[in-house]
Amino acid sequence: MIAKHVKNMPPSGIREFFDLVLGMPDVISLGVGEPDFIAPWRVREKAITALEEGLTSYTSNKGLLLLRESISDYLKKEYKINYNPDSQILITVGVSEGLDLSLRAILDPRDKVIVVSPYYVAYPALVELNQGKVLMLETKEENNFKIEPEKLSLLLKHNPKAIILNYPSNPSGATYTSSELKKIWNILSKKDITIISDETYDQLSYGQKHISFPSLARQAKKQTILLNGFSKGHAMTGFRVGFTCAEPEVTEAMTKIHSYSVMCGPVISQVAAIEALRAKKEVERMKSEYIKRRDFLVEELNQLGFSVSLPQGAFYCFACLKKFKLNCLDFAKKLLLDEKVAVVPGVAFGKKYQDYIRISYANSLDKLKEAVIRIERFVSGL
Amino acid sequence: MDRILELLEDNARISIEDLGKLSGKSKKEIEKAIKKYEEEGVIVKYKALINKDKVKNNQQVVALIEVEVNPQKDVGFDLVAQRIYSFPEVKNCFLLSGTYDLLIEVVGADINTVANFVAEKLAPLSSVKRTATHFMLKKYKEDGVVLVKKEKNKRLPITY
Ligand SMILES: Cc1ncc(COP(=O)(O)O)c(C=O)c1O
C-alpha cells in the first residue's frame, strides 16, 4: 500500500533508542530539541484573549496580514532586508512546513540538494520524500563544524538545485561570521542554485549578531528562501508558527501548495506570534539564561574528557566522546540505563558522527548540574 | 546588574567555583567583588526562601498594614518610618506613593498578637493618622517563585 519512495526511506537508526527514553520515567533529559521556557506570558495572554473574542476561523492562505507586516518590519530592522508582506512572505505551520514547501516548490524528481552535516534530521528525509537526491557536505569538529569552501566548490560540480543552510546550527551550534558567509556566497553566486536558509535560531546567536543570508547581496536575496519561525527564540514550539520569505514567484508557488495542503496556519497561533515580535525583552532574558548554561556545561564537559568547542548559537553542544572508546549509541544507551540521563547519539545527525552526542542545554542550571554529576560518575566507571 | 549579583540573588548558596564558571571571572576576582559588595551594603544578607505553609507546626500569621502618617517638618517620612520599623514585629517597611504612605509587613504568632501590636503600639503613635490591616490568607508566588504548585515538565524527553 505504501508508496515506493516512502517505503524506501531508511528507518531512523535511533528510533529504538528514542522509544527507550520515552518509556523511562524520571530521566534528566539533555535530549530535548526545544526550549524549557514556557512562551512569554504576554504571548499566551494574547492567545487567550483571541480565544475569548472568538477568533476561531481560517485566515487568508498567506496568513494574517498584520503578522506578515510585523515580520517584514522585523527583518527590515534586524537585518536591513526588505520583503513585501503581500507577495514575499508566507506564514507556515512551523519552519517544518516551510522547509517542506520550499523543497516541494523547487524540486523535480532526482534534483540534487546539498545538505550540510551534522544536519537537522528533517533535511535529508524531506529531500528524499520530495524525490530529490541528497549531496552530503560533511563538516568537521576541527573546523568548528563549518562549511569548508573548497569542499562546497567540489560538490557544486554536480549541479545541485539547492543547498540547505542552517545557522546557528542544530546540532552543532555553529554559526558564521560575515566574511565566512561572503566566501560561501561568492562560491554559490557562480551557480544557479537556490539557497534554503533555515535561520530558526537567529535570535539565539551568542558571540556576534546573526547575519541573515539574504542580507549579503541583492542577488543572494533573489536566490534565497529564508525560513524562520517562533519555536526556538520565542519558546513557542507548540504554537506551530513559522514563515518563509522569498521572491514573489517562489512565494506564489509555495502558497499554492500550502493552500491545498494545510489551507492556513492556526489563527490563534498567528495572533500570538504578532505579540511575540513585540516581546524583545523576554527573548533577551531567555538568551542570557542560555549563555549562562552553555558556559557552565561546556566547561564541565571538557573537564570530564569530552571535547566540545564553545557553541556560538542555538542550545546544543555537539560533544566528541572519542576518549571513552564507546560509539555514540552504546554510550547513550548505557548512560541512560545506568544514570538516567538522556542525550541524542550523533549518528542521528549524519552517519559520520559515531563519536559524538548532542547535549541540549535547554534545561535549568540545577538540572544541568545534576546531570553533570551523573555523567561524571558514569564516565569515571567506564 | 553585575552577573555575580544576579547569580547570588538567584541562589545565595552558589559556590565560588560555580560563580567563576558562570561569570567567567577568577576565584580571586569574585571573592574581592563579594567582599566589596558586603562592605558597601549592596549585599545585605544571605537567606533561604521558605514556604512556611509547608513547615510543620508553623503557627504564624502575616499581615500587611497600610499606614497613613503625618510627615514631620524637615525630616519628612524618615523619622516616622524609623519609629515604626524599629519595632521587632515589623519585618518589612516600605514608603509608597498613593493613598497611604507606609506599607509594613508584620509577623505574629496569631491574629490577636498582630491586632494587639496595631492597637497598642502602632496606632497610638502621634504621627500615625490611620491604619488598615490585611491578613494574608495564601501565598501564591514569592520572590518570583510559584509556591502553590510544582512546575510539571511538559516536554517530551527526547526530540530532534
Ligand atoms: C534547525 C531546525 N529547523 C527547523 C526546526 C523545526 O522547527 P518548527 O517548530 O518551527 O517547525 C527545528 C526544530 O528542532 C530545527 O532545529
# chains A, B, ... in the order shown; residues from 1 in each chain; ligands from 1
$ closest_atom_pairs --of "chain B" --to "chain A" --cutoff "10 Å" --atoms "only C-alpha atoms" --output "CSV"
residue,atom,partner,partner_atom,distance
B:Arg3,CA,A:Lys292,CA,9.7
B:Leu7,CA,A:Lys292,CA,9.8
B:Asp18,CA,A:Phe296,CA,7.7
B:Leu19,CA,A:Phe296,CA,9.5
B:Gly20,CA,A:Phe296,CA,9.2
B:Lys21,CA,A:Phe296,CA,5.6
B:Leu22,CA,A:Lys292,CA,5.5
B:Ser23,CA,A:Lys292,CA,7.7
B:Gly24,CA,A:Asp295,CA,8.2
B:Asn153,CA,A:Asp36,CA,8.5
B:Lys154,CA,A:Asp36,CA,8.9
B:Arg155,CA,A:Asp36,CA,7.7
B:Leu156,CA,A:Val32,CA,7.2
B:Pro157,CA,A:Ser29,CA,5.5
B:Ile158,CA,A:Val32,CA,4.7
B:Thr159,CA,A:Val32,CA,5.0
B:Tyr160,CA,A:Gly33,CA,5.1
$ write_last_selection --atoms "N, CA, C and O atoms" --output "mmCIF file, in the first residue's frame"
data_model
loop_
_atom_site.group_PDB
_atom_site.id
_atom_site.type_symbol
_atom_site.label_atom_id
_atom_site.label_comp_id
_atom_site.auth_asym_id
_atom_site.auth_seq_id
_atom_site.Cartn_x
_atom_site.Cartn_y
_atom_site.Cartn_z
ATOM 1 N N ARG B 3 26.812 40.351 36.923
ATOM 2 C CA ARG B 3 26.458 38.929 36.807
ATOM 3 C C ARG B 3 26.543 38.230 38.168
ATOM 4 O O ARG B 3 25.698 37.404 38.513
ATOM 5 N N LEU B 7 23.535 36.194 40.002
ATOM 6 C CA LEU B 7 23.640 34.775 40.345
ATOM 7 C C LEU B 7 23.406 34.552 41.837
ATOM 8 O O LEU B 7 22.726 33.611 42.240
ATOM 9 N N ASP B 18 31.294 27.683 41.028
ATOM 10 C CA ASP B 18 30.228 27.835 40.031
ATOM 11 C C ASP B 18 30.088 29.288 39.600
ATOM 12 O O ASP B 18 29.826 29.582 38.434
ATOM 13 N N LEU B 19 30.250 30.189 40.568
ATOM 14 C CA LEU B 19 30.191 31.610 40.207
ATOM 15 C C LEU B 19 31.248 31.919 39.151
ATOM 16 O O LEU B 19 30.999 32.655 38.207
ATOM 17 N N GLY B 20 32.416 31.323 39.330
ATOM 18 C CA GLY B 20 33.500 31.531 38.379
ATOM 19 C C GLY B 20 33.122 31.051 37.000
ATOM 20 O O GLY B 20 33.286 31.750 36.005
ATOM 21 N N LYS B 21 32.566 29.830 36.956
ATOM 22 C CA LYS B 21 32.204 29.251 35.661
ATOM 23 C C LYS B 21 31.145 30.090 34.961
ATOM 24 O O LYS B 21 31.153 30.262 33.752
ATOM 25 N N LEU B 22 30.212 30.595 35.760
ATOM 26 C CA LEU B 22 29.074 31.272 35.147
ATOM 27 C C LEU B 22 29.337 32.744 34.856
ATOM 28 O O LEU B 22 28.630 33.357 34.083
ATOM 29 N N SER B 23 30.340 33.315 35.504
ATOM 30 C CA SER B 23 30.576 34.732 35.264
ATOM 31 C C SER B 23 31.865 34.937 34.475
ATOM 32 O O SER B 23 32.171 36.043 34.060
ATOM 33 N N GLY B 24 32.634 33.867 34.305
ATOM 34 C CA GLY B 24 33.884 33.991 33.568
ATOM 35 C C GLY B 24 34.963 34.733 34.341
ATOM 36 O O GLY B 24 35.925 35.214 33.762
ATOM 37 N N ASN B 153 6.883 19.054 34.050
ATOM 38 C CA ASN B 153 7.582 19.031 32.780
ATOM 39 C C ASN B 153 6.585 18.660 31.684
ATOM 40 O O ASN B 153 5.945 17.631 31.746
ATOM 41 N N LYS B 154 6.480 19.529 30.698
ATOM 42 C CA LYS B 154 5.502 19.260 29.654
ATOM 43 C C LYS B 154 6.156 18.850 28.350
ATOM 44 O O LYS B 154 5.496 18.571 27.370
ATOM 45 N N ARG B 155 7.484 18.808 28.341
ATOM 46 C CA ARG B 155 8.155 18.467 27.090
ATOM 47 C C ARG B 155 8.350 16.963 26.954
ATOM 48 O O ARG B 155 8.498 16.255 27.932
ATOM 49 N N LEU B 156 8.404 16.492 25.735
ATOM 50 C CA LEU B 156 8.827 15.115 25.502
ATOM 51 C C LEU B 156 10.297 15.019 25.887
ATOM 52 O O LEU B 156 11.052 15.949 25.626
ATOM 53 N N PRO B 157 10.700 13.906 26.486
ATOM 54 C CA PRO B 157 12.082 13.849 26.957
ATOM 55 C C PRO B 157 13.131 13.788 25.852
ATOM 56 O O PRO B 157 14.301 14.007 26.100
ATOM 57 N N ILE B 158 12.733 13.463 24.640
ATOM 58 C CA ILE B 158 13.744 13.454 23.579
ATOM 59 C C ILE B 158 13.104 13.844 22.252
ATOM 60 O O ILE B 158 12.056 13.331 21.870
ATOM 61 N N THR B 159 13.693 14.830 21.610
ATOM 62 C CA THR B 159 13.220 15.285 20.296
ATOM 63 C C THR B 159 14.420 15.759 19.499
ATOM 64 O O THR B 159 15.457 16.058 20.076
ATOM 65 N N TYR B 160 14.261 15.815 18.193
ATOM 66 C CA TYR B 160 15.369 16.313 17.363
ATOM 67 C C TYR B 160 15.436 17.807 17.494
ATOM 68 O O TYR B 160 16.286 18.446 17.126
#
$ residues_around --residues "region 97-110 of chain A" --least-positions-apart "4" --cutoff "10 Å" --atoms "only C-alpha atoms" --output "ChimeraX atom specification"
/A:90-93,122-123,125-134,160-162,164,194-198,225-229,240-246,250-258,261-262,265
$ select_by_dssp --residues "region 25-115 of chain A" --states "strand (DSSP E)" --output "JSON, numbers by chain"
{"A": [28, 29, 89, 90, 91, 92, 112, 113, 114, 115]}
$ write_last_selection --atoms "N, CA and C atoms" --output "CSV table (one decimal), in the first residue's frame"
chain,number,residue,atom,x,y,z
A,28,ILE,N,16.7,12.6,33.5
A,28,ILE,CA,17.1,14.0,33.2
A,28,ILE,C,17.4,14.1,31.8
A,29,SER,N,16.7,14.8,31.0
A,29,SER,CA,16.8,14.8,29.6
A,29,SER,C,17.6,15.9,29.1
A,89,ILE,N,6.0,37.0,1.7
A,89,ILE,CA,6.0,36.4,3.0
A,89,ILE,C,4.8,35.5,3.1
A,90,LEU,N,5.1,34.3,3.6
A,90,LEU,CA,4.0,33.3,3.7
A,90,LEU,C,4.1,32.7,5.2
A,91,ILE,N,3.0,32.7,5.9
A,91,ILE,CA,3.0,32.1,7.2
A,91,ILE,C,2.8,30.6,7.1
A,92,THR,N,3.6,29.8,7.8
A,92,THR,CA,3.6,28.4,7.7
A,92,THR,C,3.4,27.7,9.0
A,112,LYS,N,19.2,17.4,-7.3
A,112,LYS,CA,20.2,17.2,-6.1
A,112,LYS,C,20.1,18.4,-5.2
A,113,VAL,N,20.2,18.1,-3.9
A,113,VAL,CA,20.2,19.1,-2.9
A,113,VAL,C,21.4,18.9,-1.9
A,114,ILE,N,22.2,19.9,-1.7
A,114,ILE,CA,23.3,19.8,-0.7
A,114,ILE,C,22.7,19.9,0.7
A,115,VAL,N,23.1,19.0,1.5
A,115,VAL,CA,22.7,19.0,2.9
A,115,VAL,C,24.0,19.0,3.7
$ atom_distance --atom1 "CA of Gln59 (chain B)" --atom2 "CA of Gly144 (chain B)"
24.2 Å
$ residues_around --residues "Leu321 (chain A)" --least-positions-apart "6" --cutoff "7 Å" --atoms "only C-alpha atoms" --output "list of chain:residue names"
A:Phe306, A:Ser307, A:Asp355, A:Tyr356
$ residues_around --residues "region 42-55 of chain A" --least-positions-apart "2" --cutoff "10 Å" --atoms "only C-alpha atoms" --output "list in words"
Ile38, Ala39, Pro40, Ser57, Tyr58, Thr59, His234, Met236, Phe239, Val267, Ile268, Ser269, Gln270, Val271, Ala272, Ala273, Ile274, Glu275, Ala276, Leu277, Arg278, Ala279 and Glu282 of chain A
$ write_last_selection --atoms "C-alpha atoms" --output "CSV table (one decimal), in the first residue's frame"
chain,number,residue,atom,x,y,z
A,38,ILE,CA,7.2,28.5,28.6
A,39,ALA,CA,6.2,31.0,25.9
A,40,PRO,CA,6.2,34.6,27.4
A,57,SER,CA,-11.8,30.8,11.7
A,58,TYR,CA,-9.5,30.4,8.8
A,59,THR,CA,-7.1,33.2,7.9
A,234,HIS,CA,10.3,32.8,21.5
A,236,MET,CA,6.6,28.7,21.1
A,239,PHE,CA,2.1,27.1,18.6
A,267,VAL,CA,-5.2,31.7,13.7
A,268,ILE,CA,-4.7,31.7,17.5
A,269,SER,CA,-1.0,31.0,17.0
A,270,GLN,CA,-0.7,33.7,14.4
A,271,VAL,CA,-2.2,36.3,16.8
A,272,ALA,CA,0.2,35.1,19.5
A,273,ALA,CA,3.1,35.4,17.0
A,274,ILE,CA,2.3,39.1,16.4
A,275,GLU,CA,2.7,39.7,20.1
A,276,ALA,CA,5.9,37.6,20.2
A,277,LEU,CA,7.6,40.0,17.8
A,278,ARG,CA,7.0,42.7,20.4
A,279,ALA,CA,8.4,40.7,23.2
A,282,GLU,CA,11.6,38.3,27.1
$ residues_around --residues "region 124-138 of chain B" --least-positions-apart "2" --cutoff "12 Å" --atoms "only C-alpha atoms" --output "number ranges by chain"
B: 51-54, 60-73, 76-84, 99-108, 110-112, 114-122, 140-142, 146-148
$ write_last_selection --atoms "C-alpha atoms" --output "compact mmCIF listing (two decimals), in the first residue's frame"
# COMPACT_ATOMS: atom_id res chain seq x y z
CA ASN B 51 7.48 28.09 52.04
CA LYS B 52 6.00 28.47 55.52
CA ASP B 53 2.79 26.75 54.55
CA LYS B 54 4.74 23.54 54.27
CA GLN B 60 2.21 32.17 62.26
CA VAL B 61 0.18 34.93 60.75
CA VAL B 62 1.40 37.60 58.41
CA ALA B 63 -0.30 40.96 57.99
CA LEU B 64 0.28 43.74 55.53
CA ILE B 65 -0.62 47.03 57.16
CA GLU B 66 -1.22 50.27 55.34
CA VAL B 67 -0.16 53.21 57.45
CA GLU B 68 -1.03 56.81 56.78
CA VAL B 69 1.23 59.18 58.71
CA ASN B 70 1.83 62.88 59.31
CA PRO B 71 5.22 63.63 57.82
CA GLN B 72 7.37 65.76 60.09
CA LYS B 73 8.91 69.05 59.25
CA GLY B 76 9.77 64.08 56.12
CA PHE B 77 8.86 60.43 56.44
CA ASP B 78 12.19 59.04 57.51
CA LEU B 79 11.87 59.62 61.25
CA VAL B 80 8.32 58.34 61.39
CA ALA B 81 9.35 55.33 59.40
CA GLN B 82 12.21 54.73 61.79
CA ARG B 83 9.85 54.75 64.75
CA ILE B 84 7.79 52.14 63.02
CA THR B 99 -3.36 56.78 49.00
CA TYR B 100 -1.31 55.84 52.04
CA ASP B 101 2.33 56.24 52.98
CA LEU B 102 3.92 53.23 54.57
CA LEU B 103 3.28 49.60 53.90
CA ILE B 104 4.59 47.32 56.62
CA GLU B 105 4.65 43.59 57.00
CA VAL B 106 4.12 42.27 60.49
CA VAL B 107 4.53 38.68 61.58
CA GLY B 108 2.94 37.33 64.75
CA ASP B 110 -1.69 34.61 65.82
CA ILE B 111 -4.26 37.20 64.81
CA ASN B 112 -4.54 38.53 68.37
CA VAL B 114 -0.89 41.24 65.45
CA ALA B 115 -4.09 43.03 66.40
CA ASN B 116 -2.57 43.94 69.76
CA PHE B 117 0.54 45.25 68.07
CA VAL B 118 -1.58 47.55 65.94
CA ALA B 119 -3.82 48.67 68.77
CA GLU B 120 -1.17 49.11 71.41
CA LYS B 121 1.99 50.07 69.59
CA LEU B 122 1.32 51.30 66.07
CA TYR B 140 0.85 32.08 45.60
CA LYS B 141 4.16 33.44 44.49
CA GLU B 142 7.12 34.88 46.35
CA VAL B 146 5.38 29.99 42.40
CA LEU B 147 4.71 28.33 45.76
CA VAL B 148 1.40 26.67 45.20
$ atom_distance --atom1 "CA of Leu96 (chain B)" --atom2 "CA of Glu39 (chain B)"
27.8 Å
$ atom_distance --atom1 "CA of Arg13 (chain B)" --atom2 "CA of Lys25 (chain B)"
17.6 Å
$ select_by_dssp --residues "region 129-327 of chain A" --states "helix (DSSP H, G or I)" --output "PyMOL selection string"
chain A and resi 129+141-143+149-156+178-188+213-215+218-223+237-239+248-261+267-276+280-304+322-324
$ residues_around --residues "Lys334 (chain A)" --least-positions-apart "2" --cutoff "12 Å" --atoms "only C-alpha atoms" --output "PyMOL selection string"
chain A and resi 17+20-21+326-332+336-343+345+375+378-379+381-382
$ write_last_selection --atoms "N, CA, C and O atoms" --output "tab-separated table (two decimals), in the first residue's frame"
chain	number	residue	atom	x	y	z
A	17	PHE	N	16.21	3.75	20.28
A	17	PHE	CA	16.76	4.48	21.43
A	17	PHE	C	15.76	5.52	21.94
A	17	PHE	O	15.55	5.67	23.14
A	20	LEU	N	13.18	3.90	23.95
A	20	LEU	CA	13.72	3.54	25.26
A	20	LEU	C	13.62	4.75	26.21
A	20	LEU	O	13.18	4.62	27.36
A	21	VAL	N	14.01	5.92	25.72
A	21	VAL	CA	13.96	7.13	26.53
A	21	VAL	C	12.51	7.46	26.90
A	21	VAL	O	12.19	7.76	28.05
A	326	LEU	N	33.66	4.33	23.27
A	326	LEU	CA	32.34	3.71	23.07
A	326	LEU	C	31.72	4.46	21.91
A	326	LEU	O	31.89	5.67	21.80
A	327	ASN	N	31.00	3.77	21.02
A	327	ASN	CA	30.33	4.55	19.99
A	327	ASN	C	29.11	5.23	20.60
A	327	ASN	O	28.65	4.88	21.69
A	328	CYS	N	28.60	6.22	19.87
A	328	CYS	CA	27.61	7.10	20.47
A	328	CYS	C	26.35	6.39	20.94
A	328	CYS	O	25.78	6.71	21.97
A	329	LEU	N	25.93	5.38	20.18
A	329	LEU	CA	24.70	4.68	20.56
A	329	LEU	C	24.89	3.89	21.85
A	329	LEU	O	24.04	3.93	22.75
A	330	ASP	N	26.02	3.19	21.93
A	330	ASP	CA	26.30	2.43	23.15
A	330	ASP	C	26.46	3.37	24.35
A	330	ASP	O	25.96	3.10	25.44
A	331	PHE	N	27.16	4.46	24.09
A	331	PHE	CA	27.36	5.45	25.16
A	331	PHE	C	26.00	5.96	25.65
A	331	PHE	O	25.72	5.97	26.84
A	332	ALA	N	25.17	6.37	24.71
A	332	ALA	CA	23.89	6.97	25.08
A	332	ALA	C	22.99	5.96	25.80
A	332	ALA	O	22.32	6.28	26.78
A	336	LEU	N	21.93	6.19	29.70
A	336	LEU	CA	20.51	6.22	30.03
A	336	LEU	C	20.17	5.15	31.07
A	336	LEU	O	19.51	5.42	32.08
A	337	LEU	N	20.64	3.95	30.84
A	337	LEU	CA	20.29	2.84	31.74
A	337	LEU	C	20.98	2.97	33.09
A	337	LEU	O	20.37	2.74	34.13
A	338	ASP	N	22.24	3.39	33.08
A	338	ASP	CA	22.99	3.47	34.35
A	338	ASP	C	22.63	4.70	35.16
A	338	ASP	O	22.53	4.64	36.38
A	339	GLU	N	22.47	5.83	34.48
A	339	GLU	CA	22.34	7.08	35.24
A	339	GLU	C	21.07	7.88	34.91
A	339	GLU	O	20.87	8.97	35.44
A	340	LYS	N	20.26	7.34	34.04
A	340	LYS	CA	19.02	8.02	33.67
A	340	LYS	C	19.25	9.44	33.14
A	340	LYS	O	18.57	10.40	33.53
A	341	VAL	N	20.26	9.57	32.31
A	341	VAL	CA	20.47	10.84	31.62
A	341	VAL	C	20.33	10.56	30.12
A	341	VAL	O	20.95	9.63	29.61
A	342	ALA	N	19.49	11.35	29.45
A	342	ALA	CA	19.27	11.12	28.03
A	342	ALA	C	20.00	12.17	27.19
A	342	ALA	O	19.96	13.36	27.48
A	343	VAL	N	20.71	11.69	26.17
A	343	VAL	CA	21.33	12.56	25.18
A	343	VAL	C	21.01	11.96	23.81
A	343	VAL	O	20.53	10.83	23.73
A	345	PRO	N	22.32	10.40	20.32
A	345	PRO	CA	23.51	9.89	19.65
A	345	PRO	C	23.80	10.68	18.37
A	345	PRO	O	22.88	11.01	17.61
A	375	ILE	N	26.86	12.26	34.87
A	375	ILE	CA	27.74	11.92	33.74
A	375	ILE	C	29.16	11.67	34.27
A	375	ILE	O	29.85	10.76	33.81
A	378	PHE	N	29.31	8.36	35.66
A	378	PHE	CA	29.24	7.39	34.56
A	378	PHE	C	30.58	7.23	33.86
A	378	PHE	O	31.07	6.10	33.71
A	379	VAL	N	31.19	8.32	33.46
A	379	VAL	CA	32.43	8.19	32.67
A	379	VAL	C	33.59	7.69	33.54
A	379	VAL	O	34.50	7.03	33.05
A	381	GLY	N	33.36	5.42	35.61
A	381	GLY	CA	33.21	3.97	35.74
A	381	GLY	C	33.43	3.23	34.43
A	381	GLY	O	33.30	2.02	34.36
A	382	LEU	N	33.76	3.98	33.37
A	382	LEU	CA	33.92	3.32	32.06
A	382	LEU	C	35.26	2.61	31.93
A	382	LEU	O	36.25	3.09	32.47
